[in-house]
Amino acid sequence: MQTIVLKLERDNDLKFALLIATGSYIGLRISDLLQLRWNQVLNQDYFTIIEKKTKKTRKITINPELQIILNRLFVQLQANENDLMFVNRFGDKPFSIQYVNS
C-alpha cells in the first residue's frame, strides 16, 4: 500500500494517494471518508466521527505513519485546514462515490 501511495505521489496524483492512504489506514466507508476535513486529522492522535450508514459514533486513532503522509500531502496540495480533504477539481464539493469507483 505504501508503494502505491509513493508511486501516486511521484506521478503527481496526490488526491488519490491521499484517498488510498487514508482509506487503508483508517478503514472507513467511502461515504465517511469523503466528509473528512483536514482539521479533523492534522496533528491529532484521534478523531471522532458519526458514521453515515450506521449512525454510530466512532473514535478513530490516527496511525503515526498516516500522520506523516497526511502532513506531506497537506503541504503538497496547498490545502487550507478547514477544507474537505477530498474535493473535486473545482474545489467546492467532495468527490462523488461514483467518481471514486470509476
# chains A, B, ... in the order shown; residues from 1 in each chain; ligands from 1
>>> residues_around(residues="Gln76 (chain A)", least_positions_apart="4", cutoff="9 Å", atoms="only C-alpha atoms", output="short mmCIF file (atom, residue, chain, number, x, y, z; two decimals) with all heavy atoms, in the first residue's frame")
data_model
loop_
_atom_site.label_atom_id
_atom_site.label_comp_id
_atom_site.auth_asym_id
_atom_site.auth_seq_id
_atom_site.Cartn_x
_atom_site.Cartn_y
_atom_site.Cartn_z
N LEU A 14 -1.94 13.33 -6.37
CA LEU A 14 -1.91 13.49 -4.92
C LEU A 14 -3.24 13.18 -4.24
O LEU A 14 -3.27 12.63 -3.15
CB LEU A 14 -1.48 14.91 -4.57
CG LEU A 14 -0.12 15.33 -5.13
CD1 LEU A 14 0.17 16.78 -4.80
CD2 LEU A 14 0.98 14.44 -4.59
N ASN A 71 0.59 14.98 6.60
CA ASN A 71 1.31 16.26 6.66
C ASN A 71 2.01 16.57 5.35
O ASN A 71 1.99 17.71 4.87
CB ASN A 71 2.31 16.24 7.82
CG ASN A 71 1.62 16.34 9.17
OD1 ASN A 71 0.59 16.98 9.30
ND2 ASN A 71 2.18 15.67 10.16
N ARG A 72 2.62 15.56 4.76
CA ARG A 72 3.34 15.74 3.49
C ARG A 72 2.36 16.14 2.37
O ARG A 72 2.61 17.09 1.62
CB ARG A 72 4.07 14.45 3.16
CG ARG A 72 4.95 14.53 1.95
CD ARG A 72 5.77 13.28 1.77
NE ARG A 72 4.94 12.12 1.49
CZ ARG A 72 5.06 10.93 2.12
NH1 ARG A 72 5.97 10.75 3.05
NH2 ARG A 72 4.27 9.94 1.80
#
>>> closest_residue(among="A:Ser96, A:Gln2, A:Asn82, A:Asn88", to="Leu42 (chain A)", atoms="only C-alpha atoms")
A:Asn82
>>> closest_residue(among="A:Leu34, A:Leu8, A:Leu28, A:Leu77", to="Val100 (chain A)", atoms="only C-alpha atoms")
A:Leu34
>>> select_by_dssp(residues="region 45-83 of chain A", states="strand (DSSP E or B)", output="PyMOL selection string")
chain A and resi 46-50+57-61
>>> residues_around(residues="Tyr25 (chain A)", least_positions_apart="2", cutoff="10 Å", atoms="only C-alpha atoms", output="number ranges by chain")
A: 1, 20-23, 27-28, 61-67
>>> select_by_dssp(residues="chain A", states="helix (DSSP H, G or I)", output="PyMOL selection string")
chain A and resi 2-10+14-26+30-33+38-41+64-77+97-101
>>> residues_around(residues="region 47-53 of chain A", least_positions_apart="3", cutoff="9 Å", atoms="only C-alpha atoms", output="list in words")
Leu28, Arg29, Ser31, Asp32, Leu36, Gln40, Val41, Gln44, Lys56, Thr57, Arg58, Lys59, Ile60, Thr61 and Ile62 of chain A
>>> closest_residue(among="A:Asn101, A:Thr3, A:Asn80, A:Asn12", to="Trp38 (chain A)", atoms="only C-alpha atoms")
A:Asn80
>>> closest_residue(among="A:Val75, A:Ser24, A:Asn43, A:Leu18", to="Val87 (chain A)", atoms="only C-alpha atoms")
A:Leu18
>>> atom_distance(atom1="CA of Gln98 (chain A)", atom2="CA of Ile68 (chain A)")
28.5 Å
>>> closest_residue(among="A:Asn39, A:Asp11, A:Val5, A:Ile30", to="Leu84 (chain A)", atoms="only C-alpha atoms")
A:Asn39
>>> atom_distance(atom1="CA of Ile97 (chain A)", atom2="CA of Glu9 (chain A)")
21.7 Å
>>> atom_distance(atom1="CA of Leu70 (chain A)", atom2="CA of Asp45 (chain A)")
12.5 Å
